[in-house]
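**Q** Sending over target_29.cif (mmCIF, C-alpha atoms).
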data_structure
loop_
_atom_site.label_atom_id
_atom_site.label_comp_id
_atom_site.auth_asym_id
_atom_site.auth_seq_id
_atom_site.Cartn_x
_atom_site.Cartn_y
_atom_site.Cartn_z
CA MET A 152 91.18 76.32 73.32
CA TYR A 153 89.87 79.88 73.06
CA GLU A 154 87.99 79.04 69.86
CA PHE A 155 86.46 75.99 71.55
CA ALA A 156 85.24 78.10 74.49
CA ILE A 157 83.69 80.65 72.14
CA GLY A 158 82.02 77.90 70.15
CA ALA A 159 80.62 76.25 73.30
CA PHE A 160 79.30 79.61 74.50
CA VAL A 161 77.57 80.24 71.17
CA ILE A 162 75.99 76.78 71.28
CA LEU A 163 74.71 77.44 74.80
CA ILE A 164 73.17 80.75 73.72
CA ILE A 165 71.45 79.09 70.76
CA ALA A 166 70.18 76.23 72.93
CA TRP A 167 68.86 78.67 75.53
CA ASN A 168 66.97 80.65 72.89
CA ILE A 169 65.45 77.43 71.54
CA PHE A 170 64.38 75.99 74.89
CA LYS A 171 63.61 79.23 76.75
CA PRO A 172 59.88 79.30 75.85
CA ARG A 173 59.46 75.68 76.95
CA ILE A 174 61.35 76.28 80.20
CA ARG A 175 59.24 79.35 80.95
CA GLY A 176 56.12 77.30 80.23
CA TRP A 177 57.21 74.59 82.67
CA GLN A 178 57.91 77.21 85.31
CA GLY A 179 54.44 78.71 84.91
CA GLU A 180 52.78 75.30 85.12
CA ALA A 181 54.82 74.51 88.23
CA ARG A 182 53.54 77.70 89.91
CA VAL A 183 49.95 76.78 89.12
CA CYS A 184 50.43 73.23 90.40
CA ARG A 185 52.02 74.47 93.63
CA GLN A 186 48.95 76.57 94.34
CA LEU A 187 46.66 73.63 93.61
CA ARG A 188 48.66 71.41 95.98
CA TRP A 189 48.66 74.12 98.66
CA HIS A 190 44.86 74.29 98.55
CA GLY A 191 44.40 70.53 98.38
CA ILE A 192 43.02 70.53 94.83
CA PRO A 193 43.45 67.26 92.87
CA HIS A 194 45.12 67.94 89.55
CA MET A 195 46.99 66.41 86.62
CA ARG A 196 49.74 67.93 84.54
CA ASP A 197 50.60 67.60 80.85
CA VAL A 198 47.44 65.78 79.75
CA ARG A 199 47.61 64.48 76.18
CA LEU A 200 44.72 63.06 74.18
CA ILE A 201 43.22 62.83 70.71
CA GLY A 202 40.13 64.84 69.78
CA ALA A 203 37.23 63.63 67.63
CA ASN A 204 38.88 65.39 64.67
CA GLY A 205 41.92 63.11 65.01
CA ARG A 206 44.19 65.93 66.19
CA PRO A 207 46.41 65.52 69.26
CA TYR A 208 45.91 67.99 72.11
CA GLN A 209 48.16 68.83 75.05
CA ILE A 210 46.55 70.33 78.16
CA ASP A 211 48.82 72.11 80.64
CA VAL A 212 46.85 71.35 83.81
CA LEU A 213 43.56 69.62 84.60
CA ALA A 214 42.13 70.34 88.07
CA TRP A 215 39.09 69.26 90.06
CA ILE A 216 37.78 72.57 91.39
CA GLY A 217 34.36 72.72 93.02
CA ASP A 218 31.85 70.72 91.00
CA SER A 219 33.75 70.83 87.68
CA PHE A 220 36.97 69.69 86.11
CA PHE A 221 38.91 72.71 84.85
CA VAL A 222 40.99 72.58 81.68
CA ILE A 223 43.72 75.12 82.42
CA GLU A 224 45.91 76.84 79.84
CA VAL A 225 48.96 78.42 81.52
CA LYS A 226 50.82 81.42 80.08
CA ASN A 227 54.02 82.58 81.77
CA TYR A 228 54.28 86.12 80.36
CA SER A 229 55.46 89.51 81.58
CA GLY A 230 54.57 93.01 80.40
CA THR A 231 50.95 93.92 79.63
CA ILE A 232 48.46 91.59 77.94
CA LYS A 233 45.61 93.01 75.88
CA GLY A 234 42.91 91.32 73.83
CA TRP A 235 39.26 90.46 73.40
CA GLU A 236 37.47 87.13 73.43
CA THR A 237 36.69 87.37 69.70
CA ASP A 238 40.22 88.37 68.59
CA GLN A 239 42.31 85.89 66.65
CA ASP A 240 45.47 87.14 68.38
CA TRP A 241 46.24 88.99 71.60
CA THR A 242 49.05 91.47 72.21
CA GLN A 243 51.89 91.44 74.73
CA ILE A 244 53.37 94.90 75.32
CA LEU A 245 56.88 94.59 76.69
CA GLY A 246 59.63 97.18 76.81
CA GLY A 247 57.80 99.43 74.36
CA GLN A 248 57.45 96.61 71.85
CA ARG A 249 54.34 94.68 70.83
CA PHE A 250 54.26 90.92 70.33
CA ARG A 251 51.25 89.04 69.01
CA PHE A 252 50.29 85.54 70.19
CA TYR A 253 47.35 83.27 69.50
CA ASN A 254 44.26 83.98 71.62
CA PRO A 255 44.61 81.51 74.53
CA LEU A 256 40.82 81.35 74.95
CA ARG A 257 40.58 79.95 71.43
CA GLN A 258 43.53 77.67 72.07
CA ASN A 259 42.00 76.32 75.24
CA TYR A 260 38.60 75.85 73.60
CA GLY A 261 40.11 73.08 71.47
CA HIS A 262 41.50 71.45 74.61
CA LEU A 263 38.15 71.78 76.35
CA MET A 264 36.28 70.19 73.45
CA ALA A 265 38.77 67.31 73.31
CA MET A 266 38.13 66.50 76.97
CA ARG A 267 34.36 66.69 76.45
CA GLU A 268 34.62 64.40 73.43
CA ASN A 269 36.69 61.81 75.31
CA PHE A 270 34.63 62.03 78.53
CA PRO A 271 31.18 63.24 77.38
CA ALA A 272 29.39 62.54 80.67
CA LEU A 273 31.68 64.75 82.77
CA PRO A 274 31.53 68.51 83.51
CA PHE A 275 34.46 70.47 82.11
CA GLU A 276 35.19 74.19 82.17
CA GLY A 277 38.00 76.27 80.71
CA LEU A 278 40.41 78.64 82.44
CA VAL A 279 43.43 80.65 81.26
CA VAL A 280 45.96 81.52 83.98
CA PHE A 281 48.72 84.08 83.38
CA ALA A 282 51.27 82.75 85.84
CA GLY A 283 53.99 85.33 85.19
CA SER A 284 54.27 88.98 86.18
CA ALA A 285 52.11 90.27 83.31
CA SER A 286 49.40 92.84 83.88
CA VAL A 287 46.34 91.30 82.23
CA ALA A 288 44.07 93.93 80.66
CA VAL A 289 41.51 91.35 79.55
CA SER A 290 38.00 91.35 80.93
CA HIS A 291 36.76 87.77 80.77
CA PRO A 292 35.69 85.37 83.56
CA GLU A 293 37.90 82.59 82.17
CA VAL A 294 41.09 84.71 82.24
CA VAL A 295 42.95 85.40 85.50
CA ASN A 296 46.40 86.38 86.67
CA MET A 297 48.21 84.47 89.42
CA LYS A 298 46.76 86.63 92.18
CA GLY A 299 43.22 86.07 90.92
CA PHE A 300 43.91 82.34 90.67
CA ARG A 301 45.09 82.19 94.31
CA VAL A 302 42.07 84.19 95.49
CA GLY A 303 39.72 81.88 93.60
CA LEU A 304 41.28 78.75 95.08
CA ALA A 305 40.90 80.17 98.60
CA ARG A 306 37.11 80.36 98.25
CA PRO A 307 35.19 77.62 100.12
CA ASP A 308 33.37 76.52 96.96
CA ALA A 309 36.70 75.79 95.24
CA LYS A 310 37.17 72.67 97.34
CA PRO A 311 36.41 69.54 95.30
CA LYS A 312 32.76 68.59 95.64
CA ALA A 313 33.27 64.90 96.37
CA THR A 314 30.04 63.46 95.01
CA PRO A 315 30.14 59.82 93.86
CA TYR A 316 29.52 60.98 90.29
CA LEU A 317 32.50 63.38 90.26
CA ALA A 318 34.74 60.95 92.14
CA ARG A 319 34.03 58.21 89.58
CA GLY A 320 34.65 60.70 86.77
CA TRP A 321 38.01 61.79 88.15
CA ALA A 322 38.99 58.15 88.70
CA ALA A 323 38.06 57.39 85.08
CA ILE A 324 40.32 60.17 83.81
CA GLN A 325 43.16 58.94 86.03
CA ALA A 326 42.63 55.37 84.84
CA ALA A 327 43.00 56.53 81.22
CA GLY A 328 46.64 57.34 82.03
CA ILE A 329 46.71 60.41 79.78
CA ASP A 330 48.68 62.68 82.11
CA ALA A 331 52.44 62.82 82.70
CA SER A 332 52.35 60.47 85.70
CA GLY A 333 50.18 57.98 83.80
CA ARG A 334 52.62 57.91 80.91
CA ARG A 335 55.54 57.38 83.29
CA GLN A 336 53.67 54.47 84.89
CA ARG A 337 53.07 52.84 81.51
CA ARG A 338 56.75 53.20 80.63
CA ARG A 339 57.74 51.56 83.92
CA GLU A 340 55.32 48.70 83.26
CA ARG A 341 56.67 48.19 79.75
CA LEU A 342 60.25 48.18 81.00
CA SER A 343 59.39 45.81 83.82
CA GLY A 344 57.59 43.49 81.42
CA SER A 345 60.40 43.51 78.90
CA GLN A 346 63.00 42.76 81.56
CA GLY A 347 61.03 39.81 82.89
CA ALA A 348 60.06 38.39 79.51
CA GLU A 349 61.80 35.34 78.04
CA PRO A 350 64.05 35.99 75.06
CA PRO A 351 62.56 35.14 71.65
CA PRO A 352 63.53 31.75 70.23
CA THR A 353 66.41 31.68 67.78
CA THR A 354 65.97 30.26 64.32
#
So, in terms of structure tokens, how does the structure I just supplied come out?

**A**
Amino acid sequence: MYEFAIGAFVILIIAWNIFKPRIRGWQGEARVCRQLRWHGIPHMRDVRLIGANGRPYQIDVLAWIGDSFFVIEVKNYSGTIKGWETDQDWTQILGGQRFRFYNPLRQNYGHLMAMRENFPALPFEGLVVFAGSASVAVSHPEVVNMKGFRVGLARPDAKPKATPYLARGWAAIQAAGIDASGRRQRRRERLSGSQGAEPPPTT
């Protein structure tokens, strides 16, 4: 019994270490989405699509802010973040240690281009939001911490500019069903169709 408890504990530790980054990512995205809901900003979460290069892309959050649709990359980090726009990697300084991670501006550029390729007539912009407690020592207009994100959403010009052109564009993205809710809807439709379908004939 004791050996079983030890084994179960070890498995839990391993599982936590494997899924911890994903869980932290979900938590950061949830914080961003809560702020968008609070300010009445239409948004989609976990948008997945294929770029012109044939590669799949996953976008954390897509939001209709002002007169553009923002492709948002969310990072849920602590410590201090340092880097430049042209760097391949940025640095997280935490507890006296340094950890390198891929430049999120470069990462999000691929996401941004994929959206532009799939919806070429629509206005898209990029934004990187550090949703954790990290101090962000990066000077770039497309990089903000959570406080800066909240301040930006509170500005009057952050409210969606509901022109017919933008409204049709947002509806077209929704109709594509490329976000998490769209995929859930397709699954429900497939299940409903399969349950109501007649069984195949036997031979």

**Q** Identify all residues satisfying the PyMOL selection byres ((chain A and resi 305-311) around 10) in the given file; provide them as a VMD selection string.

**A** chain A and resid 186 189 to 193 214 to 220 299 to 304 312 to 314 317 to 318

**Q** Determine the residue set returned by the PyMOL selection byres ((chain A and resi 268-276) around 10) for the present structure, and present it as a PyMOL selection string.

**A** chain A and resi 200-204+213-216+218-223+259-260+262-267+277-278+293+316-317+319-321+323-324

**Q** Counting all atoms listed in the file, which residue out of A:Met195, A:Leu187, A:Val225, A:Val212 sits closest to A:Ser332?

**A**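 Going through A:Met195, A:Leu187, A:Val225, A:Val212 one by one, the smallest distance to A:Ser332 is for A:Met195.
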
**Q** Using the chain letters and numbers from this file, what does the PyMOL selection byres ((chain A and resi 284) around 7) select? Give the answer as a list in words.

**A**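 On this input, the PyMOL selection byres ((chain A and resi 284) around 7) captures Tyr228, Ser229, Ala282, Gly283, Ala285 and Ser286 of chain A.
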
**Q** Which of these residues is nearest to A:Ile232, using all atoms listed in the file: A:Arg188, A:Arg249, A:Arg335, A:Arg257?

**A** A:Arg249

**Q** Within 8 Å of A:Val198, counting all atoms listed in the file, which residues qualify if same-chain residues fewer than 5 places away don't, as a PDB file with C-alpha atoms, in the coordinates of the input?

**A**
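Generated file (part-v4.pdb):
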ATOM      1  CA  GLN A 209      48.160  68.830  75.050  1.00  0.00           C
ATOM      2  CA  ILE A 210      46.550  70.330  78.160  1.00  0.00           C
ATOM      3  CA  ASP A 211      48.820  72.110  80.640  1.00  0.00           C
ATOM      4  CA  VAL A 212      46.850  71.350  83.810  1.00  0.00           C
ATOM      5  CA  LEU A 213      43.560  69.620  84.600  1.00  0.00           C
ATOM      6  CA  ILE A 329      46.710  60.410  79.780  1.00  0.00           C
ATOM      7  CA  ASP A 330      48.680  62.680  82.110  1.00  0.00           C
ATOM      8  CA  ALA A 331      52.440  62.820  82.700  1.00  0.00           C
TER       9      ALA A 331
END

**Q** Could you tell me how far atom CA of A:Arg251 sits from atom CA of A:Glu224, in Å to one decimal place?

**A**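 Distance between the two atoms: 17.2 Å.
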
**Q** Name all residues at most 6 Å from A:Ile244 (count all atoms listed in the file; drop same-chain ones fewer than 3 positions away) and give them as a list of chain:residue names.

**A**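 Final neighbour list, sorted by chain and number: A:Gly230, A:Thr231, A:Gln248, A:Arg249.
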
**Q** Rounded to one decimal in Å, what is the spacing between atom CA of A:Arg339 and atom CA of A:Gln325?

**A**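 So the two atoms, atom CA of A:Arg339 and atom CA of A:Gln325, lie 16.5 Å apart.
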
**Q** One decimal, Å: what's the distance from atom CA of A:Glu180 over to atom CA of A:Pro255, could you say?

**A**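 Atom CA of A:Pro255 lies 14.7 Å from atom CA of A:Glu180.
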
**Q** So, counting only C-alpha atoms, which residue among A:Val289, A:Arg341, A:Gln243, A:Asn227 is closest to A:Leu256?

**A**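 The answer is A:Val289, which sits nearest to A:Leu256.
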
**Q** Could you check which of A:Lys226, A:Pro207, A:Arg334, A:Gly328 is closest to A:Val295, using all atoms listed in the file?

**A** A:Lys226
